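Novice: As input, take coords30.txt (compact mmCIF, C-alpha atoms (C1' of nucleotides)):
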```txt
# COMPACT_ATOMS: atom_id res chain seq x y z
CA MET A 10 -142.65 -35.04 14.75
CA PRO A 11 -140.87 -36.51 17.72
CA ALA A 12 -140.47 -40.14 16.70
CA THR A 13 -141.45 -41.76 19.96
CA THR A 14 -141.97 -45.20 18.51
CA ALA A 15 -141.45 -48.72 19.73
CA THR A 16 -137.97 -48.47 18.31
CA ASP A 17 -137.37 -45.70 20.80
CA LEU A 18 -138.61 -47.92 23.57
CA HIS A 19 -136.08 -50.54 22.61
CA LEU A 20 -133.41 -47.90 22.30
CA ALA A 21 -134.25 -46.50 25.71
CA ALA A 22 -134.23 -50.02 27.16
CA GLU A 23 -130.77 -50.63 25.74
CA ARG A 24 -129.51 -47.40 27.22
CA PHE A 25 -130.93 -48.18 30.63
CA HIS A 26 -129.36 -51.60 30.37
CA ALA A 27 -125.98 -49.99 29.85
CA LEU A 28 -126.50 -48.24 33.19
CA SER A 29 -127.66 -51.37 35.00
CA ASP A 30 -124.20 -52.44 36.17
CA PRO A 31 -122.26 -50.96 39.12
CA THR A 32 -118.94 -51.25 37.30
CA ARG A 33 -120.25 -49.27 34.38
CA LEU A 34 -121.70 -46.64 36.68
CA ARG A 35 -118.31 -46.30 38.33
CA ILE A 36 -116.70 -45.89 34.93
CA ILE A 37 -119.14 -43.12 34.08
CA GLY A 38 -118.39 -41.53 37.41
CA MET A 39 -114.66 -41.55 36.73
CA LEU A 40 -115.11 -40.19 33.23
CA GLY A 41 -117.11 -37.34 34.71
CA GLY A 42 -113.76 -35.92 35.76
CA GLY A 43 -112.45 -35.93 32.23
CA GLU A 44 -111.17 -38.46 29.73
CA ARG A 45 -109.14 -41.45 30.90
CA CYS A 46 -107.19 -44.19 29.25
CA VAL A 47 -108.05 -47.80 29.93
CA CYS A 48 -104.97 -48.34 32.06
CA GLU A 49 -106.03 -45.57 34.42
CA LEU A 50 -109.49 -47.06 34.74
CA MET A 51 -107.97 -50.48 35.31
CA ALA A 52 -105.83 -49.14 38.13
CA GLU A 53 -108.62 -47.31 39.91
CA LEU A 54 -111.26 -49.98 39.45
CA ASP A 55 -108.85 -52.85 40.06
CA ALA A 56 -110.47 -54.73 37.20
CA ALA A 57 -109.04 -57.19 34.71
CA GLN A 58 -108.33 -55.69 31.32
CA SER A 59 -110.74 -57.84 29.35
CA ARG A 60 -113.47 -57.20 31.89
CA LEU A 61 -113.02 -53.47 31.61
CA SER A 62 -112.87 -53.66 27.84
CA PHE A 63 -116.17 -55.52 27.85
CA HIS A 64 -117.91 -52.85 29.91
CA LEU A 65 -116.38 -50.04 27.86
CA ARG A 66 -117.74 -51.68 24.75
CA VAL A 67 -121.23 -51.80 26.24
CA LEU A 68 -121.03 -48.13 27.16
CA ARG A 69 -119.60 -47.25 23.76
CA GLU A 70 -122.27 -49.11 21.79
CA ALA A 71 -124.97 -47.50 23.91
CA GLY A 72 -123.50 -44.11 23.09
CA PHE A 73 -122.43 -43.10 26.58
CA VAL A 74 -118.72 -42.85 25.83
CA THR A 75 -116.43 -42.27 22.90
CA ALA A 76 -112.89 -43.51 22.35
CA ARG A 77 -109.92 -41.60 21.00
CA ARG A 78 -106.50 -42.99 20.23
CA ASP A 79 -103.41 -41.06 21.22
CA GLU A 80 -100.16 -42.89 20.51
CA GLN A 81 -100.51 -46.25 22.19
CA TRP A 82 -103.24 -45.19 24.55
CA ILE A 83 -106.95 -45.06 23.96
CA TYR A 84 -108.76 -42.38 25.88
CA TYR A 85 -112.40 -42.69 26.78
CA SER A 86 -114.59 -39.70 27.46
CA LEU A 87 -118.18 -39.11 28.43
CA GLN A 88 -120.87 -38.18 25.93
CA PRO A 89 -123.02 -35.83 28.00
CA GLU A 90 -125.88 -35.40 25.51
CA ILE A 91 -127.08 -38.97 25.82
CA ILE A 92 -127.53 -38.60 29.55
CA ALA A 93 -129.57 -35.49 28.91
CA GLU A 94 -131.67 -37.47 26.43
CA LEU A 95 -132.24 -40.16 29.03
CA VAL A 96 -133.33 -37.59 31.55
CA ALA A 97 -135.69 -36.22 28.93
CA THR A 98 -137.10 -39.71 28.46
CA LEU A 99 -137.66 -40.11 32.19
CA THR A 100 -139.34 -36.73 32.50
CA MET A 101 -141.30 -37.19 29.30
CA PRO A 102 -144.89 -35.92 29.55
CA ARG A 103 -147.64 -38.51 29.88
CA GLN A 104 -148.83 -38.13 26.32
CA GLU A 105 -145.46 -39.15 24.92
CA TRP A 106 -145.23 -42.15 27.24
CA LYS A 107 -148.67 -43.28 26.27
CA ARG A 108 -147.87 -42.94 22.60
CA ALA A 109 -144.67 -44.91 23.06
CA ALA A 110 -146.43 -47.54 25.11
CA ARG A 111 -149.34 -47.99 22.74
CA CYS A 112 -147.31 -48.10 19.57
CA CYS A 113 -146.39 -51.69 18.70
CA MET B 16 -125.01 -36.47 54.70
CA PRO B 17 -126.06 -37.69 51.28
CA ALA B 18 -125.01 -41.33 51.48
CA THR B 19 -123.63 -41.73 47.99
CA THR B 20 -121.92 -45.01 48.65
CA ALA B 21 -121.27 -48.15 46.70
CA THR B 22 -124.59 -49.36 48.00
CA ASP B 23 -126.18 -46.50 46.14
CA LEU B 24 -124.37 -47.53 43.01
CA HIS B 25 -125.82 -51.01 43.34
CA LEU B 26 -129.22 -49.57 44.08
CA ALA B 27 -129.04 -47.29 41.08
CA ALA B 28 -127.92 -50.21 38.93
CA GLU B 29 -130.89 -52.27 40.09
CA ARG B 30 -133.26 -49.46 39.30
CA PHE B 31 -131.80 -48.94 35.85
CA HIS B 32 -132.10 -52.66 35.29
CA ALA B 33 -135.81 -52.44 36.02
CA LEU B 34 -136.04 -49.94 33.16
CA SER B 35 -133.94 -52.02 30.77
CA ASP B 36 -136.86 -53.90 29.26
CA PRO B 37 -139.26 -52.59 26.58
CA THR B 38 -142.24 -54.34 28.14
CA ARG B 39 -141.58 -52.69 31.48
CA LEU B 40 -141.16 -49.32 29.83
CA ARG B 41 -144.51 -49.79 28.12
CA ILE B 42 -146.08 -50.66 31.45
CA ILE B 43 -144.68 -47.49 32.98
CA GLY B 44 -146.00 -45.56 30.02
CA MET B 45 -149.49 -46.95 30.50
CA LEU B 46 -149.42 -46.29 34.23
CA GLY B 47 -148.51 -42.70 33.47
CA GLY B 48 -152.16 -42.26 32.57
CA GLY B 49 -153.32 -43.46 35.97
CA GLU B 50 -153.64 -46.74 37.79
CA ARG B 51 -154.57 -49.90 35.91
CA CYS B 52 -155.48 -53.43 36.85
CA VAL B 53 -153.48 -56.31 35.45
CA CYS B 54 -156.24 -57.37 33.09
CA GLU B 55 -156.20 -53.96 31.41
CA LEU B 56 -152.44 -54.14 30.99
CA MET B 57 -152.76 -57.65 29.60
CA ALA B 58 -155.29 -56.52 27.03
CA GLU B 59 -153.28 -53.53 25.82
CA LEU B 60 -149.90 -55.22 25.88
CA ASP B 61 -151.19 -58.53 24.54
CA ALA B 62 -148.98 -60.34 27.02
CA ALA B 63 -149.47 -63.59 28.86
CA GLN B 64 -150.63 -63.17 32.43
CA SER B 65 -147.63 -64.80 34.08
CA ARG B 66 -145.28 -62.80 31.92
CA LEU B 67 -146.93 -59.55 32.89
CA SER B 68 -146.99 -60.58 36.53
CA PHE B 69 -143.25 -61.21 36.34
CA HIS B 70 -142.50 -57.75 34.97
CA LEU B 71 -144.83 -56.09 37.46
CA ARG B 72 -142.97 -57.84 40.23
CA VAL B 73 -139.66 -56.49 38.93
CA LEU B 74 -141.07 -52.97 38.80
CA ARG B 75 -142.65 -53.36 42.22
CA GLU B 76 -139.47 -54.65 43.88
CA ALA B 77 -137.51 -51.81 42.30
CA GLY B 78 -140.01 -49.37 43.74
CA PHE B 79 -141.42 -48.02 40.49
CA VAL B 80 -144.99 -49.16 41.08
CA THR B 81 -147.28 -50.02 43.95
CA ALA B 82 -150.21 -52.43 44.04
CA ARG B 83 -153.62 -51.95 45.59
CA ARG B 84 -156.39 -54.49 45.85
CA ASP B 85 -159.98 -53.48 45.13
CA GLU B 86 -162.43 -56.37 45.21
CA GLN B 87 -161.01 -58.99 42.90
CA TRP B 88 -158.84 -56.61 40.96
CA ILE B 89 -155.35 -55.43 41.79
CA TYR B 90 -154.56 -51.96 40.58
CA TYR B 91 -151.01 -50.87 39.85
CA SER B 92 -149.95 -47.26 39.93
CA LEU B 93 -146.78 -45.33 39.31
CA GLN B 94 -144.48 -44.13 42.08
CA PRO B 95 -143.26 -40.80 40.70
CA GLU B 96 -140.66 -40.03 43.37
CA ILE B 97 -138.34 -42.84 42.38
CA ILE B 98 -138.16 -41.54 38.84
CA ALA B 99 -137.28 -38.15 40.22
CA GLU B 100 -134.54 -39.77 42.29
CA LEU B 101 -133.19 -41.49 39.21
CA VAL B 102 -133.11 -38.21 37.34
CA ALA B 103 -131.26 -36.72 40.30
CA THR B 104 -128.73 -39.55 40.04
CA LEU B 105 -128.22 -38.90 36.34
CA THR B 106 -127.79 -35.19 36.82
CA MET B 107 -125.64 -35.63 39.91
CA PRO B 108 -122.67 -33.21 40.05
CA ARG B 109 -119.24 -34.58 39.25
CA GLN B 110 -118.11 -34.62 42.85
CA GLU B 111 -120.89 -36.97 43.87
CA TRP B 112 -120.19 -39.28 40.95
CA LYS B 113 -116.52 -39.37 41.76
CA ARG B 114 -117.25 -40.14 45.40
CA ALA B 115 -119.61 -42.91 44.39
CA ALA B 116 -117.15 -44.27 41.86
CA ARG B 117 -114.17 -44.20 44.17
CA CYS B 118 -115.89 -45.72 47.11
CA CYS B 119 -115.52 -49.52 47.08
C1' DT C 2 -86.76 -56.79 12.71
C1' DC C 3 -87.73 -57.89 17.39
C1' DA C 4 -89.58 -57.05 21.91
C1' DG C 5 -92.76 -54.68 24.85
C1' DT C 6 -96.93 -51.99 25.99
C1' DA C 7 -101.94 -50.96 25.44
C1' DC C 8 -106.11 -52.48 24.18
C1' DA C 9 -109.73 -55.43 21.61
C1' DT C 10 -111.66 -59.78 20.78
C1' DC C 11 -112.60 -64.68 21.35
C1' DA C 12 -114.14 -69.00 23.59
C1' DA C 13 -115.77 -71.17 27.54
C1' DC C 14 -118.06 -71.27 31.75
C1' DC C 15 -121.63 -70.05 34.99
C1' DG C 16 -125.13 -67.35 37.12
C1' DT C 17 -129.15 -64.56 35.95
C1' DT C 18 -133.18 -63.23 33.33
C1' DC C 19 -137.13 -63.97 30.52
C1' DT C 20 -140.85 -66.83 28.68
C1' DT C 21 -144.32 -70.45 28.86
C1' DG C 22 -147.58 -73.60 30.88
C1' DA C 23 -149.34 -75.38 35.18
C1' DT C 24 -150.75 -74.84 39.88
C1' DG C 25 -152.62 -72.25 43.85
C1' DG C 26 -155.04 -68.78 46.50
C1' DG C 27 -158.22 -64.87 47.33
C1' DA C 28 -162.67 -62.70 46.18
C1' DG C 29 -167.42 -62.52 44.35
C1' DA C 30 -171.73 -64.89 42.42
C1' DG C 31 -175.03 -68.43 42.65
C1' DC D 3 -170.06 -75.14 49.02
C1' DT D 4 -169.00 -74.72 44.17
C1' DC D 5 -167.86 -72.24 40.24
C1' DT D 6 -165.58 -68.51 38.06
C1' DC D 7 -162.64 -64.62 37.62
C1' DC D 8 -158.27 -62.26 38.75
C1' DC D 9 -153.80 -62.58 39.94
C1' DA D 10 -149.33 -64.57 42.12
C1' DT D 11 -146.14 -68.16 42.08
C1' DC D 12 -143.70 -72.24 40.60
C1' DA D 13 -140.97 -75.29 37.53
C1' DA D 14 -138.46 -75.95 33.35
C1' DG D 15 -136.13 -74.52 29.48
C1' DA D 16 -134.13 -70.99 26.34
C1' DA D 17 -131.68 -66.86 25.97
C1' DC D 18 -128.75 -63.39 27.80
C1' DG D 19 -125.02 -61.17 30.61
C1' DG D 20 -120.59 -61.00 33.11
C1' DT D 21 -116.02 -62.95 34.22
C1' DT D 22 -111.73 -65.17 33.06
C1' DG D 23 -107.73 -66.65 30.43
C1' DA D 24 -105.86 -66.86 25.89
C1' DT D 25 -105.10 -64.88 21.46
C1' DG D 26 -104.86 -61.04 18.14
C1' DT D 27 -103.82 -56.27 16.68
C1' DA D 28 -101.88 -51.62 16.72
C1' DC D 29 -98.34 -48.70 18.18
C1' DT D 30 -93.61 -47.55 20.14
C1' DG D 31 -88.82 -47.93 20.77
C1' DA D 32 -84.39 -50.38 20.41
```
Translate this structure into structure tokens?
Specialist:
Amino acid sequence: MPATTATDLHLAAERFHALSDPTRLRIIGMLGGGERCVCELMAELDAAQSRLSFHLRVLREAGFVTARRDEQWIYYSLQPEIIAELVATLTMPRQEWKRAARCC
Amino acid sequence: MPATTATDLHLAAERFHALSDPTRLRIIGMLGGGERCVCELMAELDAAQSRLSFHLRVLREAGFVTARRDEQWIYYSLQPEIIAELVATLTMPRQEWKRAARCC
DNA sequence: TCAGTACATCAACCGTTCTTGATGGGAGAG
DNA sequence: CTCTCCCATCAAGAACGGTTGATGTACTGA
């Protein structure tokens, strides 16, 4: 049974929220070219370090990116499956939407 | 020329923001079954009228729904194209993302 | 051990968003 | 015209989100 419950609605809302910021969308765009360390993102986005760290945390907690330490650097990379899931949510058939909407 | 500019990033962010709320996702789910008047949405969602009106305005300004008056009732219906556009954004090839991300 | 680099986290501030209750305006019935 | 129903909008307050500067932590190299 595909658990399309209210919990899923909240989960989907959180994921869409993670995409509701231009800076975060730019980060995702950069990570589309492969993993990057924070310093590279900082340089290209011209963003303060704490600001970038904040947005990376949002993306990480929403499941869009993962972090990997290598020596002193921490490399972020995209998690493609979650985007596919989101697309699946958007293209969900009417029945599923109605179930999700009705469920409290 | 597909104008994938920073403006588009902001536009995409605004659209994702419109989807970043469980109540609005439920509304979209209900409208997936066809157009509804506000009173029907109120009854099913058990939401205050002003609250619902607020969320409908957000969805309307983001382009997800349209309103139509019939007698004393105002019927809202889904605008499917914008969802398709959003899916296209999510499944955009890397080049486009990088262009959008780089552009300031 | 000490200094330097890379990144996370914290606290504070401010603008935005969401909710609630009240007001207003359009449409139909009497 | 008046009353009622349906809905939008407004005002006020609470909650949330994003930015900044400072502090903390992990790792490296001297």
Novice: Please, what distance in Å, to one decimal, runs between atom CA of B:Ala28 and atom CA of B:Ala99?
Specialist: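 Result for atom CA of B:Ala28 versus atom CA of B:Ala99: 15.3 Å, one decimal.
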Novice: Which polymer residues have any atom within 12 Å of an atom of stretch 73-75 of chain A, counting all atoms listed in the file, with same-chain residues fewer than 6 positions away left out, as a PDB file with C-alpha atoms, keeping the file's coordinate frame?
Specialist:
```pdb
ATOM      1  CA  GLU A  23    -130.770 -50.630  25.740  1.00  0.00           C
ATOM      2  CA  ARG A  24    -129.510 -47.400  27.220  1.00  0.00           C
ATOM      3  CA  PHE A  25    -130.930 -48.180  30.630  1.00  0.00           C
ATOM      4  CA  HIS A  26    -129.360 -51.600  30.370  1.00  0.00           C
ATOM      5  CA  ALA A  27    -125.980 -49.990  29.850  1.00  0.00           C
ATOM      6  CA  LEU A  28    -126.500 -48.240  33.190  1.00  0.00           C
ATOM      7  CA  ARG A  33    -120.250 -49.270  34.380  1.00  0.00           C
ATOM      8  CA  LEU A  34    -121.700 -46.640  36.680  1.00  0.00           C
ATOM      9  CA  ILE A  36    -116.700 -45.890  34.930  1.00  0.00           C
ATOM     10  CA  ILE A  37    -119.140 -43.120  34.080  1.00  0.00           C
ATOM     11  CA  GLY A  38    -118.390 -41.530  37.410  1.00  0.00           C
ATOM     12  CA  MET A  39    -114.660 -41.550  36.730  1.00  0.00           C
ATOM     13  CA  LEU A  40    -115.110 -40.190  33.230  1.00  0.00           C
ATOM     14  CA  GLY A  41    -117.110 -37.340  34.710  1.00  0.00           C
ATOM     15  CA  GLY A  43    -112.450 -35.930  32.230  1.00  0.00           C
ATOM     16  CA  GLU A  44    -111.170 -38.460  29.730  1.00  0.00           C
ATOM     17  CA  ARG A  45    -109.140 -41.450  30.900  1.00  0.00           C
ATOM     18  CA  CYS A  46    -107.190 -44.190  29.250  1.00  0.00           C
ATOM     19  CA  HIS A  64    -117.910 -52.850  29.910  1.00  0.00           C
ATOM     20  CA  LEU A  65    -116.380 -50.040  27.860  1.00  0.00           C
ATOM     21  CA  ARG A  66    -117.740 -51.680  24.750  1.00  0.00           C
ATOM     22  CA  VAL A  67    -121.230 -51.800  26.240  1.00  0.00           C
ATOM     23  CA  ILE A  83    -106.950 -45.060  23.960  1.00  0.00           C
ATOM     24  CA  TYR A  84    -108.760 -42.380  25.880  1.00  0.00           C
ATOM     25  CA  TYR A  85    -112.400 -42.690  26.780  1.00  0.00           C
ATOM     26  CA  SER A  86    -114.590 -39.700  27.460  1.00  0.00           C
ATOM     27  CA  LEU A  87    -118.180 -39.110  28.430  1.00  0.00           C
ATOM     28  CA  GLN A  88    -120.870 -38.180  25.930  1.00  0.00           C
ATOM     29  CA  PRO A  89    -123.020 -35.830  28.000  1.00  0.00           C
ATOM     30  CA  GLU A  90    -125.880 -35.400  25.510  1.00  0.00           C
ATOM     31  CA  ILE A  91    -127.080 -38.970  25.820  1.00  0.00           C
ATOM     32  CA  ILE A  92    -127.530 -38.600  29.550  1.00  0.00           C
ATOM     33  CA  ALA A  93    -129.570 -35.490  28.910  1.00  0.00           C
ATOM     34  CA  GLU A  94    -131.670 -37.470  26.430  1.00  0.00           C
ATOM     35  CA  LEU A  95    -132.240 -40.160  29.030  1.00  0.00           C
TER      36      LEU A  95
END
```
Novice: Produce a table with one row for each residue of chain A that has an atom at most 9 Å from any atom of chain C, each row naming the nearest atom pair and its distance in Å at one decimal; use all atoms listed in the file; arrange rows by chain and rising residue number; format as a tab-separated table.
Specialist:
```
residue	atom	partner	partner_atom	distance
A:Val47	CA	C:DC8	C1'	7.7
A:Cys48	CA	C:DA7	C1'	7.7
A:Gln58	CA	C:DC8	C1'	8.1
A:Ser59	CA	C:DA9	C1'	8.2
A:Ser62	CA	C:DA9	C1'	7.2
A:Phe63	CA	C:DA9	C1'	9.0
A:Gln81	CA	C:DA7	C1'	5.9
A:Trp82	CA	C:DA7	C1'	6.0
A:Ile83	CA	C:DC8	C1'	7.5
```
Novice: What are the residues of chain D lining chain A at 9 Å or less? Count only C-alpha atoms (C1' of nucleotides), and put the answer as a PyMOL selection string.
Specialist: chain D and resi 20-22+28-30
Novice: Using only C-alpha atoms, which of B:Arg41, B:Ala62, B:Arg83, B:Ala103 sits nearest chain A?
Specialist: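 Using only C-alpha atoms, the shortest distance to chain A belongs to B:Arg41.
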Novice: Any idea what the distance is between atom CA of B:Glu59 and atom CA of A:Met101?
Specialist: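 Result for atom CA of B:Glu59 versus atom CA of A:Met101: 20.6 Å, one decimal.
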Novice: Figure out the distance between atom CA of A:Glu105 and atom CA of A:Ser29, please, to one decimal in Å.
Specialist: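 Spanning atom CA of A:Ser29 to atom CA of A:Glu105 is a straight-line distance of 23.8 Å.
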